[in-house]
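Take a look at the structure set out below.
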Amino acid sequence: MADEEKDLRIRSKVISESPNRAPNRAMLRAVGFEDDDFKKPMVGIASAWSEVTPCNMHLDKLAVSAKNGAENNHSAPLIFNTITVSDGIGMGHEGMFYSLPSREVIADSIETVTQAERFDGLVSIGSCDKNTPGCLIAMARLNVPSVYVYGGTIQPGKLDGKDIDIVSAFEAVGQHQVGQIDDKQLHKVECNACPGAGACGGMYTANTMAAAVEAMGMSLPGSSSTPAIAGAKEEECERAGAMVHELLEQGICPRDIMTKEAFENAITVVMALGGSTNAFLHLTAMAHAAGVDLTLDDFEAVRERVPHIADLKPSGKYVMQDLNNVGGVPAVMKLLLEEGLLHGDALTVTGKTLRENLQEAEDLHEGQEVIQPFSNPKKKNGPLVVLRGNLAPEGAVAKMSGQEVSHFSGPARVFNSEENATKAIMNDEIKKGDVLVIRYVGPKGGPGMPEMLSVTAMLVGKGLGGEVALLTDGRFSGGSHGFVIGHVAPEAQAGGPLAYLQEGDTVTIDSDEQLLAVDIDDAEMEARANDWKAPNLRFTSGVLAKYARLVSSASKGAITDEPIE
């Protein structure tokens with residue numbers, strides 16, 4: 001429908017019309033608006049461009065492409081920026097406390113600018129781990145026609161004829177500590193792990209969330225697996241900018257797309273690809289913003305019927321670029337749809353259903369080895385398992401990809417900080433069969449649920465991967481693997497049972513029984529609870545203090561905007 005037949009200025013008209021708004025328009029004329037622009041819908045282009053991480057270093061150019069696409073389709077676009085935090089740089093020290101809170105800053109900043117400027121539509125472009133959920137939380141809150149663009153995956157690094165990546169560098173630290181590699185080899189890994197622009201290459205959190213959002217229908221087909229440096233990525237941005245105008249014409253908003261069925265599609269793809277445990281936090285938070293009731297039980301329901309079929313890092317062999325080379329995420333979704341595992345009638349940002357989009361997708365290439373057949377999956381069920389028991393009444397999440405053993409029982413080695421646990425690993429105090437517990441690092445206690453990639457990588461590097469269980473109310477990088485259980489809820493800081501655990505207690509983890517328990521009776525647990533006193537919060541002012549006061553349990557997605565009762 002032509003612009004003259006339908007006014008698409010659903011919000012910006014408050015600025016575009018009326019003599020009283022001449023001062024508002026004067027400000028926009030200073031940045032390049034002319035008379036005709038005020039007759040068009042205003043589209044915000046939210047870019048998470050930054051030089052602080054290779055994930056996002058190229059997004060400035062992609063934002064310009066999105067702006068060009070919007071301009072060429074009768075819209076008046078304006079680029080604005082939001083922040084990003086590099087998890088890889090923040091890992092293993094106090095900087096990691098800021099990673100998860102950055103998701104909220106991203107969402108809040110996009111919401112703030114879009115509401116203040118009265119944009120009619122939105123394109124958001126992100127790449128690093130918290131960018132995608134932050135952008136989608138904002139889109140769900142705003143509920144104006146929107147398209148998400150993923151900045152794309154990095155190419156694998158090369159060393160001695162083999163592919164390496166950022167996780168290789170973390171694991172090399174552990175190898176260096178036990179003398180398997182020398183200073184020179186460690187430096188070579190450091191210098192070759194990250195060859196350029198793009199998000200970390202395996203099925204880590206950034207690629208997991210991008211695939212989930214594509215499955216949800218909030219990005220264009222192929223967005224999640226197209227490499228960062230591919231020319232197709234700029235073309236995608238142009239299409240995304242143009243697409244907002246079409247969504248305005250059709251009246252399609254994010255909450256029309258982000259339905260319960262769409263979230264189930266997202267979880268299905270995450271399970272099939274063997275994605276990051278962070279998907280639980282982020283999808284739950286996105287659902288909250290969209291007004292969709294999504295719980296850990298919904299993840300379990302999908303896991304039980306969806307096999308793990310992708311041989312992707314960290315527990316497999318290949319990276320996202322390899323998947324892209326054999327058909328990409330659309331080819332995987334096409335396969336899942338054929339198996340009856342996706343809701344094909346779900347609406348997407350193309351204005352078509354998921355099934356209609358996938359009719360145009362290529363099949364997985366003949367002879368490829370990245371995706372295993374349904375007749376021979378890596379696991380017959382999804383690898384991300386919800387555990388419950390007297391240590392996790394609200395639930396915990398175990399990542400079982402690459403794990404053959406489903407039962408682990410051993411003595412608790414209890415640490416109240418990642419730093420102290422790291423020292424114990426370095427000093428060879430953690431032995432085969434131990435259950436390494438790192439507590440008071442949850443949403444409030446951390447604060448910010450720091451990721452334990454440094455810890456898991458050191459365990460793997462020391463040959464203890466799968467031989468030591470790691471249990472925490474914090475969380476794990478998508479690059480973590482081994483016998484790892486995170487998101488224990490309620491967290492220790494809030495008086496969860498993890499706070500009452502004592503050195504030497506026997507802890508049992510069973511993914512088949514979905515159990516996480518300590519071998520003490522209810523009376524002893526109650527006595528310990530009565531003797532427990534909450535430690536002081538780590539920060540008393542600033543961003544992290546504010547976050548700790550507001551944040552919910554991990555089982556609710558660690559959200560900061562729970563309804564006021």
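Going by the structure tokens order, chains are called A, B, ..., each with residues numbered from 1, while ligands are numbered from 1 in the order shown.
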Self-check item: Contact residues around range 422-438 of chain A with only C-alpha atoms at 10 Å, ignoring same-chain residues under 5 positions, as a PyMOL selection string
Solution: chain A and resi 92+174+177-178+408-417+452+454-456+458-459+462-474+483-486+492+498+501-509
Practice problem: Can you check which residues of range 331-502 of chain A DSSP gives as strand (DSSP E) on the backbone and send them as a count of residues only? | Solution: 38
Name the residues in contact with Leu312 in chain A at a cut-off of 10 Å, using only C-alpha atoms, excluding same-chain residues fewer than 2 positions from it; report them as a CSV table (one decimal) with N, CA, C and O atoms, in the first residue's frame.
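After the write, selection.csv holds the following:
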```csv
chain,number,residue,atom,x,y,z
A,201,GLY,N,33.6,-18.3,17.2
A,201,GLY,CA,33.2,-19.1,16.1
A,201,GLY,C,32.4,-20.3,16.4
A,201,GLY,O,31.7,-20.9,15.5
A,202,GLY,N,32.5,-20.9,17.6
A,202,GLY,CA,31.8,-22.2,17.9
A,202,GLY,C,30.4,-21.9,18.2
A,202,GLY,O,29.9,-20.8,18.1
A,203,MET,N,29.7,-23.0,18.6
A,203,MET,CA,28.3,-22.8,19.1
A,203,MET,C,28.3,-22.3,20.5
A,203,MET,O,27.8,-23.0,21.4
A,204,TYR,N,28.9,-21.2,20.6
A,204,TYR,CA,29.0,-20.5,21.9
A,204,TYR,C,27.8,-19.6,22.1
A,204,TYR,O,26.9,-19.7,21.3
A,273,LEU,N,21.4,-27.9,18.0
A,273,LEU,CA,22.8,-27.4,17.7
A,273,LEU,C,23.7,-27.6,18.9
A,273,LEU,O,24.9,-27.4,18.7
A,274,GLY,N,23.2,-28.0,20.0
A,274,GLY,CA,24.0,-28.1,21.2
A,274,GLY,C,24.5,-26.8,21.7
A,274,GLY,O,25.7,-26.6,22.0
A,275,GLY,N,23.6,-25.8,21.9
A,275,GLY,CA,24.0,-24.5,22.2
A,275,GLY,C,24.4,-24.2,23.6
A,275,GLY,O,24.5,-25.1,24.4
A,309,ILE,N,22.2,-32.9,17.1
A,309,ILE,CA,22.6,-33.4,15.9
A,309,ILE,C,23.9,-32.7,15.3
A,309,ILE,O,24.4,-33.1,14.2
A,310,ALA,N,24.3,-31.6,16.0
A,310,ALA,CA,25.4,-30.8,15.4
A,310,ALA,C,26.7,-31.1,16.1
A,310,ALA,O,26.9,-31.1,17.3
A,314,PRO,N,31.7,-26.2,21.5
A,314,PRO,CA,33.0,-26.6,22.1
A,314,PRO,C,33.1,-28.1,22.3
A,314,PRO,O,34.2,-28.6,22.6
A,315,SER,N,32.0,-28.9,22.2
A,315,SER,CA,32.1,-30.3,22.5
A,315,SER,C,32.2,-31.1,21.2
A,315,SER,O,32.4,-32.3,21.2
A,316,GLY,N,32.2,-30.4,20.0
A,316,GLY,CA,32.4,-31.1,18.8
A,316,GLY,C,33.6,-30.6,18.0
A,316,GLY,O,34.5,-30.0,18.6
A,317,LYS,N,33.6,-30.8,16.7
A,317,LYS,CA,34.7,-30.5,15.8
A,317,LYS,C,34.7,-29.2,15.1
A,317,LYS,O,35.7,-28.6,14.8
A,318,TYR,N,33.4,-28.8,14.7
A,318,TYR,CA,33.3,-27.7,13.7
A,318,TYR,C,32.9,-26.4,14.3
A,318,TYR,O,32.5,-26.3,15.4
A,319,VAL,N,33.0,-25.3,13.5
A,319,VAL,CA,32.6,-24.0,13.9
A,319,VAL,C,31.5,-23.5,13.0
A,319,VAL,O,31.1,-24.2,12.0
A,320,MET,N,30.9,-22.3,13.3
A,320,MET,CA,29.7,-21.8,12.6
A,320,MET,C,30.0,-21.6,11.1
A,320,MET,O,29.1,-21.9,10.3
A,322,ASP,N,31.8,-23.4,9.2
A,322,ASP,CA,31.7,-24.7,8.6
A,322,ASP,C,30.2,-25.1,8.3
A,322,ASP,O,29.9,-25.6,7.3
A,323,LEU,N,29.4,-24.8,9.3
A,323,LEU,CA,27.9,-25.0,9.1
A,323,LEU,C,27.4,-24.1,8.0
A,323,LEU,O,26.6,-24.6,7.2
A,370,VAL,N,29.0,-31.9,9.4
A,370,VAL,CA,28.7,-31.0,10.5
A,370,VAL,C,27.4,-31.4,11.2
A,370,VAL,O,27.4,-31.4,12.5
A,371,ILE,N,26.4,-31.8,10.5
A,371,ILE,CA,25.1,-32.2,11.1
A,371,ILE,C,24.9,-33.7,10.9
A,371,ILE,O,25.0,-34.2,9.7
A,401,SER,N,26.5,-32.0,26.5
A,401,SER,CA,27.1,-32.3,25.2
A,401,SER,C,28.5,-32.7,25.4
A,401,SER,O,29.3,-32.1,26.1
```
Self-check item: A:Ile137, A:Ala499, A:Glu524, A:Ala494 ranked by distance to Arg549 in chain A, top pick (using only C-alpha atoms)
Solution: A:Ala494
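Going from CA of Pro23 in chain A over to CA of Ala63 in chain A, you cover 27.5 Å.
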Practice problem: List every residue of range 141-185 of chain A that DSSP, applied to the backbone of this structure, assigns to alpha helix (DSSP H), and report them as a list in words. | Solution: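 Filtering range 141-185 of chain A to alpha helix (DSSP H) leaves Arg141, Leu142, Ile166, Val167, Ser168, Ala169, Phe170, Glu171, Ala172, Val173, Gly174, Gln175, His176, Gln177, Asp183, Lys184 and Gln185 of chain A.
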Can you spit out the residues from that selection as a tab-separated table (two decimals), in the first residue's frame, using C-alpha atoms?
```tsv
chain	number	residue	atom	x	y	z
A	141	ARG	CA	9.18	-4.02	25.10
A	142	LEU	CA	8.82	-1.39	22.37
A	166	ILE	CA	39.28	-18.11	21.55
A	167	VAL	CA	38.48	-21.21	23.63
A	168	SER	CA	41.72	-22.73	22.33
A	169	ALA	CA	43.50	-19.80	23.96
A	170	PHE	CA	41.76	-20.32	27.31
A	171	GLU	CA	42.53	-24.04	27.26
A	172	ALA	CA	46.13	-23.33	26.26
A	173	VAL	CA	46.53	-21.56	29.61
A	174	GLY	CA	45.78	-24.82	31.41
A	175	GLN	CA	48.13	-26.71	29.11
A	176	HIS	CA	50.83	-24.14	29.87
A	177	GLN	CA	50.31	-24.53	33.60
A	183	ASP	CA	55.74	-19.80	26.53
A	184	LYS	CA	56.46	-19.66	22.80
A	185	GLN	CA	53.59	-21.99	21.88
```
Exercise. Select, from A:Ser127, A:Gln115, A:Asn73, A:Thr348, the residue with the minimum atom-to-atom distance to Asn265 in chain A, counting only C-alpha atoms.
Key: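 Closest residue, counting only C-alpha atoms: A:Thr348.
Distances from A:Gly134, A:Pro450, A:Gly69, A:Gly44 to Leu283 in chain A were compared using only C-alpha atoms, and the smallest one belongs to A:Gly134.
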Exercise. Might you pull out every residue within 12 Å of Val213 in chain A, with only C-alpha atoms counted and same-chain residues fewer than 6 positions away left off, and present them as a PyMOL selection string?
Key: chain A and resi 126+131-137+139+147-150+206-207+219-225+254+257-258+262-270+279+282-283+286-287+329+348-349
Quiz item: At what distance in Å, to one decimal, does CA of Ala361 in chain A lie from CA of Gln250 in chain A?
Solution: 23.7 Å
Quiz item: So which one's closest to Thr540 in chain A, A:Ser18, A:Val189, A:Ala228, A:Lys444? Using only C-alpha atoms, please.
Solution: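 For Thr540 in chain A, the nearest of the given residues is A:Lys444.
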Quiz prompt | Atom-to-atom span, CA of His187 in chain A and CA of Asp129 in chain A, Å | solution = 25.6 Å
